[in-house]
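The structure file start_1.cif is reproduced below (mmCIF, C-alpha atoms).
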data_query
loop_
_atom_site.label_atom_id
_atom_site.label_comp_id
_atom_site.auth_asym_id
_atom_site.auth_seq_id
_atom_site.Cartn_x
_atom_site.Cartn_y
_atom_site.Cartn_z
CA MET T 11 0.00 0.00 0.00
CA ARG T 12 2.81 2.41 0.96
CA ASP T 13 4.66 2.28 -2.37
CA LYS T 14 1.50 2.41 -4.44
CA ILE T 15 0.05 5.53 -2.80
CA ILE T 16 3.42 7.31 -2.81
CA LYS T 17 3.79 6.61 -6.52
CA ARG T 18 0.31 8.00 -7.18
CA MET T 19 1.13 11.09 -5.12
CA SER T 20 4.19 11.70 -7.28
CA ALA T 21 1.94 11.64 -10.33
CA LYS T 22 -0.62 13.92 -8.55
CA ASP T 23 -3.09 11.10 -9.17
CA VAL T 24 -4.83 11.31 -5.81
CA THR T 25 -7.85 13.19 -4.53
CA VAL T 26 -7.30 15.20 -1.35
CA GLY T 27 -10.29 15.83 0.91
CA VAL T 28 -9.97 18.70 3.39
CA VAL T 29 -12.48 18.63 6.24
CA GLY T 30 -13.01 22.05 7.82
CA LEU T 31 -12.58 25.02 5.48
CA GLY T 32 -11.60 27.71 7.95
CA TYR T 33 -8.35 29.57 8.57
CA VAL T 34 -6.36 26.31 8.34
CA GLY T 35 -8.26 24.12 5.92
CA LEU T 36 -9.01 26.64 3.20
CA PRO T 37 -5.37 27.74 2.60
CA LEU T 38 -4.35 24.08 2.63
CA ALA T 39 -7.00 23.18 0.04
CA ILE T 40 -5.87 26.08 -2.14
CA ARG T 41 -2.25 24.93 -1.95
CA PHE T 42 -3.04 21.35 -2.96
CA ALA T 43 -5.05 22.64 -5.90
CA GLU T 44 -2.26 24.99 -6.95
CA VAL T 45 0.18 22.13 -7.47
CA GLY T 46 -2.28 19.96 -9.38
CA PHE T 47 -4.05 17.69 -6.89
CA ARG T 48 -7.78 17.03 -7.14
CA VAL T 49 -9.45 18.62 -4.10
CA VAL T 50 -12.73 18.08 -2.31
CA GLY T 51 -13.60 20.51 0.47
CA PHE T 52 -15.94 19.55 3.32
CA ASP T 53 -17.54 21.86 5.87
CA ILE T 54 -20.74 21.55 7.87
CA ASP T 55 -21.28 25.32 7.52
CA GLN T 56 -23.45 25.56 4.43
CA SER T 57 -22.77 29.29 4.10
CA LYS T 58 -19.07 28.54 3.50
CA ILE T 59 -19.93 25.94 0.86
CA THR T 60 -22.20 28.43 -0.91
CA SER T 61 -19.52 31.14 -0.83
CA LEU T 62 -16.90 28.78 -2.25
CA LYS T 63 -19.16 27.59 -5.04
CA ASN T 64 -19.71 31.25 -5.93
CA GLY T 65 -15.97 31.93 -5.83
CA GLU T 66 -16.33 34.26 -2.85
CA SER T 67 -13.80 34.36 -0.02
CA TYR T 68 -15.07 34.68 3.57
CA ILE T 69 -11.58 35.12 5.06
CA ARG T 70 -10.08 38.57 4.64
CA HIS T 71 -6.46 37.62 3.99
CA ILE T 72 -7.48 35.06 1.34
CA SER T 73 -8.25 37.14 -1.75
CA THR T 74 -10.85 36.26 -4.35
CA ASP T 75 -8.01 35.87 -6.86
CA LYS T 76 -6.30 33.37 -4.57
CA LEU T 77 -9.54 31.48 -4.12
CA ALA T 78 -9.98 31.37 -7.90
CA ASN T 79 -7.04 28.96 -8.11
CA LEU T 80 -9.07 26.48 -6.08
CA VAL T 81 -12.34 26.97 -7.94
CA LEU T 82 -10.78 26.87 -11.41
CA SER T 83 -8.94 23.65 -10.55
CA GLY T 84 -12.29 21.85 -10.53
CA ALA T 85 -12.44 21.45 -6.76
CA THR T 86 -15.81 20.50 -5.33
CA PHE T 87 -17.34 21.51 -2.00
CA GLN T 88 -19.74 19.54 0.17
CA SER T 89 -21.47 19.86 3.53
CA GLU T 90 -22.00 16.09 3.78
CA PHE T 91 -19.36 13.35 3.92
CA GLU T 92 -20.56 10.95 1.22
CA GLY T 93 -17.84 12.21 -1.11
CA ALA T 94 -15.13 11.15 1.33
CA SER T 95 -15.12 7.62 -0.07
CA ALA T 96 -13.71 9.00 -3.33
CA CYS T 97 -10.86 10.75 -1.51
CA ASP T 98 -7.47 9.07 -1.27
CA VAL T 99 -6.36 11.48 1.44
CA ILE T 100 -8.59 12.95 4.15
CA ILE T 101 -7.16 15.84 6.16
CA ILE T 102 -9.09 16.93 9.27
CA CYS T 103 -8.79 20.62 10.13
CA VAL T 104 -11.57 21.20 12.66
CA PRO T 105 -11.59 23.33 15.85
CA THR T 106 -10.33 22.02 19.19
CA PRO T 107 -11.73 24.48 21.77
CA LEU T 108 -11.96 24.28 25.55
CA THR T 109 -14.99 23.46 27.68
CA LYS T 110 -16.25 26.04 30.18
CA HIS T 111 -14.03 24.27 32.73
CA ARG T 112 -10.97 24.90 30.52
CA GLU T 113 -10.60 21.25 29.58
CA PRO T 114 -10.05 19.88 26.03
CA ASP T 115 -13.19 19.68 23.92
CA LEU T 116 -12.53 17.10 21.19
CA ARG T 117 -16.12 16.82 20.01
CA PHE T 118 -15.39 18.30 16.59
CA VAL T 119 -12.54 15.84 16.05
CA THR T 120 -14.30 12.73 17.30
CA GLU T 121 -17.65 13.53 15.67
CA THR T 122 -15.93 14.23 12.36
CA CYS T 123 -14.08 10.93 12.59
CA GLU T 124 -17.31 9.08 13.39
CA GLN T 125 -19.03 10.60 10.37
CA LEU T 126 -16.14 9.63 8.13
CA LEU T 127 -15.99 5.98 9.26
CA PRO T 128 -18.68 4.68 6.85
CA HIS T 129 -16.72 6.17 3.96
CA LEU T 130 -13.27 4.78 4.78
CA ARG T 131 -11.66 2.14 2.58
CA LYS T 132 -8.35 0.40 2.01
CA GLY T 133 -5.56 2.54 0.59
CA GLN T 134 -6.69 5.81 2.12
CA VAL T 135 -4.67 8.22 4.24
CA MET T 136 -6.19 10.03 7.23
CA ILE T 137 -4.38 13.06 8.64
CA LEU T 138 -5.27 15.14 11.68
CA GLU T 139 -4.04 18.75 11.69
CA SER T 140 -6.11 20.11 14.59
CA THR T 141 -4.06 21.17 17.62
CA THR T 142 -4.45 18.74 20.51
CA TYR T 143 -2.71 16.96 23.39
CA PRO T 144 -0.14 14.19 22.90
CA GLY T 145 -1.89 10.87 22.38
CA THR T 146 -5.05 12.11 20.69
CA THR T 147 -4.31 10.46 17.34
CA GLU T 148 -3.58 7.10 18.97
CA GLU T 149 -6.29 7.26 21.62
CA GLU T 150 -9.18 8.77 19.66
CA LEU T 151 -8.68 8.23 15.92
CA LEU T 152 -6.83 4.90 15.85
CA PRO T 153 -9.44 2.76 17.67
CA ARG T 154 -12.29 4.34 15.73
CA ILE T 155 -10.63 3.63 12.39
CA GLU T 156 -9.75 0.05 13.35
CA SER T 157 -13.32 -0.55 14.55
CA THR T 158 -14.20 -0.67 10.83
CA GLY T 159 -11.92 -3.66 10.32
CA LEU T 160 -9.19 -1.62 8.63
CA GLU T 161 -5.69 -2.08 10.05
CA VAL T 162 -3.76 1.16 10.44
CA GLY T 163 -0.32 0.88 8.90
CA LYS T 164 -1.41 -1.89 6.56
CA ASP T 165 -4.81 -1.02 5.09
CA ILE T 166 -4.88 2.69 5.86
CA SER T 167 -2.29 5.30 6.87
CA LEU T 168 -2.74 7.50 9.96
CA VAL T 169 -0.74 10.71 10.29
CA TYR T 170 -0.63 13.75 12.57
CA SER T 171 0.73 17.03 11.18
CA PRO T 172 0.00 20.19 13.18
CA GLU T 173 -1.16 23.30 11.39
CA ARG T 174 1.11 26.33 11.52
CA GLU T 175 -0.97 29.03 9.84
CA ASP T 176 -0.39 32.67 10.82
CA PRO T 177 -3.29 34.69 9.35
CA GLY T 178 -2.27 38.10 8.11
CA ASN T 179 1.47 37.35 8.04
CA ILE T 180 2.54 38.42 4.55
CA ASN T 181 5.96 36.75 4.87
CA PHE T 182 4.71 33.23 5.51
CA GLU T 183 2.04 31.16 3.85
CA THR T 184 1.21 27.46 3.70
CA ARG T 185 3.96 26.70 1.18
CA ASN T 186 6.94 28.15 3.05
CA ILE T 187 6.08 27.26 6.66
CA PRO T 188 8.02 24.06 7.58
CA LYS T 189 5.65 21.13 8.19
CA VAL T 190 6.11 18.71 11.09
CA VAL T 191 4.82 15.21 10.28
CA GLY T 192 4.40 12.18 12.54
CA GLY T 193 3.02 8.77 11.54
CA HIS T 194 1.50 5.96 13.57
CA THR T 195 3.93 3.53 11.89
CA PRO T 196 7.09 4.10 9.80
CA ASP T 197 5.08 3.42 6.64
CA CYS T 198 2.45 5.95 7.73
CA LEU T 199 5.23 8.50 8.23
CA ASP T 200 6.67 7.85 4.78
CA VAL T 201 3.26 8.39 3.21
CA GLY T 202 2.67 11.63 5.15
CA VAL T 203 6.09 13.00 4.26
CA ALA T 204 5.61 12.09 0.60
CA LEU T 205 2.26 13.89 0.46
CA TYR T 206 3.32 17.13 2.11
CA SER T 207 6.61 17.23 0.19
CA HIS T 208 4.58 18.11 -2.91
CA VAL T 209 3.02 21.21 -1.33
CA ILE T 210 5.41 22.36 1.44
CA ASP T 211 8.98 23.54 0.89
CA VAL T 212 10.40 21.92 4.05
CA VAL T 213 8.93 18.81 5.71
CA VAL T 214 10.16 17.83 9.18
CA PRO T 215 9.55 14.13 9.98
CA VAL T 216 9.38 13.10 13.65
CA SER T 217 9.28 9.68 15.25
CA SER T 218 5.62 9.52 16.29
CA THR T 219 2.26 11.25 16.26
CA LYS T 220 2.78 12.10 19.94
CA VAL T 221 5.98 13.98 19.19
CA ALA T 222 4.23 15.94 16.44
CA GLU T 223 1.30 16.72 18.75
CA LEU T 224 3.56 17.96 21.53
CA THR T 225 5.69 19.99 19.12
CA LYS T 226 2.70 22.17 18.29
CA LEU T 227 1.84 22.64 21.95
CA LEU T 228 5.42 23.58 22.86
CA GLU T 229 5.49 26.22 20.13
CA ASN T 230 2.35 27.90 21.44
CA ILE T 231 3.11 27.43 25.13
CA HIS T 232 6.50 29.06 24.55
CA ARG T 233 4.71 32.11 23.21
CA ALA T 234 1.99 32.12 25.88
CA VAL T 235 4.50 31.92 28.73
CA ASN T 236 6.65 34.74 27.36
CA ILE T 237 3.63 36.95 26.76
CA GLY T 238 2.51 36.22 30.32
CA LEU T 239 5.94 37.36 31.50
CA VAL T 240 5.84 40.69 29.66
CA ASN T 241 2.23 41.28 30.70
CA GLU T 242 3.25 40.87 34.32
CA MET T 243 6.25 43.12 33.70
CA LYS T 244 3.90 45.70 32.19
CA MET T 245 1.83 45.83 35.38
CA LEU T 246 4.99 46.20 37.46
CA THR T 247 6.63 48.86 35.29
CA ASP T 248 3.38 50.83 35.25
CA LYS T 249 3.58 51.17 39.03
CA MET T 250 7.26 52.10 38.71
CA GLY T 251 6.54 54.80 36.15
CA ILE T 252 8.61 53.00 33.49
CA ASP T 253 7.54 52.47 29.87
CA ILE T 254 7.67 48.68 29.30
CA PHE T 255 7.83 49.16 25.52
CA GLU T 256 10.95 51.29 25.85
CA VAL T 257 12.48 48.61 28.05
CA ILE T 258 11.68 45.83 25.54
CA ASP T 259 13.01 47.84 22.60
CA ALA T 260 16.24 48.46 24.47
CA ALA T 261 16.60 44.81 25.50
CA ALA T 262 15.97 43.72 21.91
CA THR T 263 19.20 45.41 20.81
CA LYS T 264 21.08 42.52 22.43
CA PRO T 265 22.10 40.29 19.51
CA PHE T 266 21.84 37.03 21.46
CA GLY T 267 19.91 35.47 24.34
CA PHE T 268 16.81 37.69 24.12
CA THR T 269 13.64 37.50 22.03
CA ALA T 270 11.25 40.44 22.13
CA TYR T 271 7.66 39.72 23.16
CA TYR T 272 5.22 42.57 23.64
CA PRO T 273 2.37 42.95 26.15
CA GLY T 274 -1.23 43.57 25.25
CA PRO T 275 -4.81 43.37 26.53
CA GLY T 276 -4.73 39.56 26.76
CA LEU T 277 -4.33 36.61 24.44
CA GLY T 278 -6.49 35.90 21.42
CA GLY T 279 -6.79 33.53 18.51
CA HIS T 280 -7.61 29.86 18.47
CA CYS T 281 -4.16 28.66 19.56
CA ILE T 282 -2.25 30.66 22.15
CA PRO T 283 -5.04 31.12 24.78
CA ILE T 284 -6.21 27.51 24.42
CA ASP T 285 -3.37 25.14 23.62
CA PRO T 286 -1.53 25.35 26.97
CA TYR T 287 -4.59 23.92 28.71
CA TYR T 288 -4.53 20.86 26.47
CA LEU T 289 -1.14 20.00 27.93
CA THR T 290 -1.93 20.95 31.53
CA TRP T 291 -5.00 18.70 31.36
CA LYS T 292 -3.03 15.80 29.91
CA ALA T 293 -0.24 16.27 32.45
CA LYS T 294 -2.65 15.45 35.28
CA GLU T 295 -2.88 11.92 33.84
CA TYR T 296 0.79 11.58 34.73
CA GLY T 297 0.42 13.10 38.20
CA LEU T 298 2.06 16.39 37.25
CA HIS T 299 0.86 19.91 37.96
CA THR T 300 2.25 22.25 35.32
CA ARG T 301 2.35 25.31 37.58
CA PHE T 302 4.55 27.45 35.36
CA ILE T 303 2.25 27.09 32.35
CA GLU T 304 -0.88 27.64 34.40
CA LEU T 305 0.54 30.74 36.10
CA SER T 306 1.20 32.40 32.74
CA GLY T 307 -2.38 31.57 31.79
CA GLU T 308 -3.68 33.28 34.92
CA VAL T 309 -1.68 36.41 34.13
CA ASN T 310 -2.86 36.56 30.53
CA ARG T 311 -6.50 35.93 31.46
CA SER T 312 -6.36 38.80 33.95
CA MET T 313 -5.35 41.39 31.37
CA PRO T 314 -8.86 42.40 30.17
CA GLU T 315 -9.79 43.29 33.76
CA TYR T 316 -6.53 45.20 34.08
CA VAL T 317 -7.38 47.23 30.97
CA VAL T 318 -10.87 48.01 32.27
CA ALA T 319 -9.37 49.18 35.58
CA LYS T 320 -7.08 51.50 33.62
CA VAL T 321 -10.09 52.86 31.73
CA SER T 322 -11.78 53.61 35.05
CA SER T 323 -8.67 55.36 36.35
CA ALA T 324 -8.34 57.39 33.16
CA LEU T 325 -11.97 58.54 33.37
CA ASN T 326 -11.43 59.52 37.00
CA THR T 327 -8.88 62.09 35.85
CA ARG T 328 -11.73 63.73 33.94
CA GLU T 329 -14.02 63.41 36.97
CA LYS T 330 -16.13 60.84 35.14
CA ALA T 331 -17.31 57.37 36.14
CA LEU T 332 -17.56 54.21 34.08
CA LEU T 333 -21.30 54.12 34.65
CA ASN T 334 -23.14 55.72 31.72
CA SER T 335 -19.92 56.70 29.97
CA LYS T 336 -19.57 56.26 26.21
CA ILE T 337 -16.51 54.26 25.24
CA LEU T 338 -15.24 53.27 21.81
CA VAL T 339 -13.13 50.11 21.52
CA LEU T 340 -10.62 50.31 18.68
CA GLY T 341 -10.03 46.95 17.01
CA ILE T 342 -11.91 43.80 18.03
CA ALA T 343 -10.09 41.15 15.96
CA TYR T 344 -7.66 39.10 18.05
CA LYS T 345 -4.61 40.58 16.28
CA LYS T 346 -3.75 43.33 13.84
CA ASN T 347 -4.77 43.33 10.18
CA VAL T 348 -7.07 40.28 10.30
CA ASP T 349 -10.80 39.72 10.71
CA ASP T 350 -10.43 36.73 13.04
CA MET T 351 -12.46 37.19 16.23
CA ARG T 352 -11.65 33.92 17.97
CA GLU T 353 -10.89 34.37 21.69
CA SER T 354 -10.32 38.09 21.16
CA PRO T 355 -9.57 39.87 24.47
CA ALA T 356 -11.20 42.99 23.03
CA VAL T 357 -14.58 41.26 23.18
CA GLU T 358 -14.09 40.36 26.84
CA ILE T 359 -13.15 43.99 27.52
CA MET T 360 -16.37 45.07 25.80
CA GLU T 361 -18.39 42.70 27.98
CA LEU T 362 -16.70 43.86 31.18
CA LEU T 363 -17.40 47.46 30.26
CA ARG T 364 -21.03 46.68 29.42
CA GLU T 365 -21.46 44.94 32.79
CA LYS T 366 -20.31 48.16 34.47
CA GLY T 367 -22.97 50.21 32.74
CA VAL T 368 -20.89 51.56 29.88
CA ASP T 369 -22.41 52.45 26.51
CA VAL T 370 -19.95 50.45 24.38
CA ALA T 371 -19.22 50.86 20.69
CA TYR T 372 -16.40 49.60 18.49
CA SER T 373 -14.50 50.45 15.35
CA ASP T 374 -12.72 47.82 13.29
CA PRO T 375 -12.02 48.20 9.56
CA HIS T 376 -11.97 44.42 9.15
CA VAL T 377 -15.16 43.59 11.11
CA SER T 378 -18.00 45.72 9.78
CA VAL T 379 -20.71 43.95 11.78
CA PHE T 380 -20.24 42.22 15.12
CA PRO T 381 -20.51 38.53 14.16
CA LYS T 382 -22.52 35.77 15.76
CA MET T 383 -20.30 34.10 18.34
CA ARG T 384 -20.92 31.10 20.58
CA GLU T 385 -20.32 32.99 23.83
CA HIS T 386 -20.64 36.69 22.98
CA SER T 387 -23.44 38.85 21.66
CA PHE T 388 -23.41 42.52 20.64
CA ASP T 389 -25.89 44.14 18.27
CA LEU T 390 -23.33 46.57 16.89
CA THR T 391 -21.76 47.73 13.65
CA SER T 392 -18.35 49.29 13.29
CA VAL T 393 -18.16 53.05 13.85
CA GLU T 394 -16.46 54.94 11.03
CA LEU T 395 -13.67 56.99 12.55
CA SER T 396 -13.73 60.73 12.03
CA PRO T 397 -13.14 63.83 14.15
CA GLN T 398 -16.90 64.09 14.60
CA SER T 399 -17.47 60.47 15.64
CA LEU T 400 -14.51 60.44 18.03
CA SER T 401 -15.74 63.58 19.78
CA LYS T 402 -18.89 61.72 20.89
CA PHE T 403 -17.00 59.34 23.19
CA ASP T 404 -15.67 59.89 26.68
CA ALA T 405 -12.75 57.57 25.92
CA VAL T 406 -11.38 55.27 23.27
CA VAL T 407 -9.62 52.02 24.17
CA LEU T 408 -7.01 50.75 21.72
CA THR T 409 -7.13 46.96 21.87
CA THR T 410 -6.04 45.85 18.38
CA ASP T 411 -3.45 47.95 16.56
CA HIS T 412 -4.55 47.64 12.92
CA ASP T 413 -2.20 49.39 10.51
CA SER T 414 -5.12 51.09 8.79
CA PHE T 415 -6.07 53.20 11.84
CA ASP T 416 -5.12 56.87 11.51
CA TYR T 417 -3.44 57.14 14.89
CA GLN T 418 -2.53 60.81 14.42
CA MET T 419 -6.15 61.73 13.70
CA ILE T 420 -7.33 59.63 16.64
CA SER T 421 -4.85 61.31 18.97
CA GLU T 422 -5.90 64.79 17.83
CA ASN T 423 -9.63 64.23 18.20
CA ALA T 424 -10.20 61.72 21.02
CA ASP T 425 -10.74 63.23 24.45
CA LEU T 426 -9.06 60.29 26.21
CA ILE T 427 -7.11 57.28 24.94
CA VAL T 428 -6.34 54.08 26.83
CA ASP T 429 -3.58 52.37 24.87
CA SER T 430 -2.99 48.66 25.52
CA ARG T 431 -0.65 48.17 22.53
CA GLY T 432 2.07 50.78 23.03
CA ILE T 433 1.23 52.73 19.90
CA TYR T 434 1.51 56.10 21.61
CA ARG T 435 4.96 56.67 23.07
CA GLY T 436 6.26 59.48 25.23
CA ASN T 437 4.26 61.81 27.45
CA ASN T 438 0.75 62.77 26.40
CA ASN T 439 -1.81 64.06 28.85
CA LYS T 440 -4.68 62.39 27.00
CA VAL T 441 -3.05 58.93 26.61
CA PHE T 442 -3.05 56.39 29.42
CA LYS T 443 -0.96 53.22 29.05
CA ALA T 444 -2.74 49.93 29.76
#
So that I can check it, write out the structure of this file as structure tokens.
Amino acid sequence: MRDKIIKRMSAKDVTVGVVGLGYVGLPLAIRFAEVGFRVVGFDIDQSKITSLKNGESYIRHISTDKLANLVLSGATFQSEFEGASACDVIIICVPTPLTKHREPDLRFVTETCEQLLPHLRKGQVMILESTTYPGTTEEELLPRIESTGLEVGKDISLVYSPEREDPGNINFETRNIPKVVGGHTPDCLDVGVALYSHVIDVVVPVSSTKVAELTKLLENIHRAVNIGLVNEMKMLTDKMGIDIFEVIDAAATKPFGFTAYYPGPGLGGHCIPIDPYYLTWKAKEYGLHTRFIELSGEVNRSMPEYVVAKVSSALNTREKALLNSKILVLGIAYKKNVDDMRESPAVEIMELLREKGVDVAYSDPHVSVFPKMREHSFDLTSVELSPQSLSKFDAVVLTTDHDSFDYQMISENADLIVDSRGIYRGNNNKVFKA
């Protein structure tokens, strides 16, 4: 089976099914189509399927022209899984969120696998790209696949290869981000490496699916811990009357031994705020309490409340209270220059302000209407920034530093600015650092 499927991959004579056409799955599907593979896209969200069939992109950083490469290749899109039986490769790119108790929620992975089981056959390759704890591929996917009578490593290949997308990063895209690949058996690994070698410039094979799973978590925990450190440093330097951004910029001039991380209003996105808890949960199975990781999580989760406290203090200087004040939140995507709202700390700040009786509004050039979200609800549209609109608010809170904001105009016309991103440097009697 191994040699046959690898030979067909070399000839681009395989059909690749991508399950989950979001920020990870859609760029991956486009890349496979670009190099000549047949592609079938699956997503339970019918609105995405309709948009794709119409050649319309629903992700800001994926242009219509880029999407055209997928549509013109003859790719098909489905909201049901019947077409999976015709796929030689099935790549699962579905969400892996947390429960309300901050424990792994693998429902999307396991339910997707269950729905695919009736359509599995000999010779196929199943790959999981969703971020998860070490052991998920072996503990959740392997027994389900083998319950069909197929033997993994002989009849079907099972691979784990973590996604590494960075939406909005113009320097890196699917093709030039090195791809870590782990297989359940050596043959599975060979098949996974062979597949991705056709679409990714650098493929990094590792010895097992567990190693590949933990690699992804380490990458994101590394970032979460360091951001937690600088967020804590920000709170300390604020009390000391020191600009943390000036300190970081100075430290970053050291050519070795230091990597600059910058503080903010909290952590956002689907990975950094969530992934550390996948490992802390799994660690308990081994009797370990990952205190260092959990402490950084506590610091980062506290940042929205810290920003709101700074807003209250700033208003006090104008002899105003939070109650009944009008506050404009600038930027509600989780990071600059994207439209991705997942786990955005700006939304939590909006909710905290609303709970305190604030009349909250927002402005975000990439989010024209506040979207439907599982845990958040605002009936709002983005405010167009102008001297007139800014003058109507008691304060503006900068939470996401989009490049398209006119920061000079904002500074000249806002009565009060609470800056959580370090955009405004130096002394300014209307800017308060958060």
Contacts of segment 63-73 of chain T within 7 Å, only C-alpha atoms, excl. fewer than 3 positions in-chain, as a PyMOL selection string:
chain T and resi 59-60+76-78+81+177-178+348-349
Atom-to-atom span, atom CA of Glu149 of chain T and atom CA of His194 of chain T, Å:
11.3 Å
Got a sec to resolve the PyMOL selection byres ((chain T and resi 35-48) around 6) on this structure and send the residues as number ranges by chain?
T: 22, 25, 30-32, 34, 49, 80, 103
File dump, residues just selected, C-alpha atoms, as a PDB file, keeping the file's coordinate frame:
ATOM      1  CA  LYS T  22      -0.620  13.920  -8.550  1.00  0.00           C
ATOM      2  CA  THR T  25      -7.850  13.190  -4.530  1.00  0.00           C
ATOM      3  CA  GLY T  30     -13.010  22.050   7.820  1.00  0.00           C
ATOM      4  CA  LEU T  31     -12.580  25.020   5.480  1.00  0.00           C
ATOM      5  CA  GLY T  32     -11.600  27.710   7.950  1.00  0.00           C
ATOM      6  CA  VAL T  34      -6.360  26.310   8.340  1.00  0.00           C
ATOM      7  CA  VAL T  49      -9.450  18.620  -4.100  1.00  0.00           C
ATOM      8  CA  LEU T  80      -9.070  26.480  -6.080  1.00  0.00           C
ATOM      9  CA  CYS T 103      -8.790  20.620  10.130  1.00  0.00           C
TER      10      CYS T 103
END
Using all atoms listed in the file, I'd like a table of the residues in segment 72-153 of chain T that come within 10 Å of segment 285-294 of chain T; for each, show the closest atom pair and its distance in Å rounded to one decimal, ordered by chain and ascending number, as CSV.
residue,atom,partner,partner_atom,distance
T:Thr106,CA,T:Asp285,CA,8.8
T:Pro107,CA,T:Asp285,CA,8.6
T:Leu108,CA,T:Tyr287,CA,8.0
T:Arg112,CA,T:Tyr287,CA,6.7
T:Glu113,CA,T:Trp291,CA,6.4
T:Pro114,CA,T:Tyr288,CA,5.6
T:Asp115,CA,T:Tyr288,CA,9.1
T:Thr141,CA,T:Asp285,CA,7.2
T:Thr142,CA,T:Tyr288,CA,6.3
T:Tyr143,CA,T:Tyr288,CA,5.3
T:Pro144,CA,T:Leu289,CA,7.7
T:Gly145,CA,T:Lys292,CA,9.1
Taking (-12.5, 9.6, 11.9) in the file's coordinates, which residues come within 9 Å, counting all atoms listed in the file, written as a PyMOL selection string?
chain T and resi 102+119-127+130+136+150-152+154-155
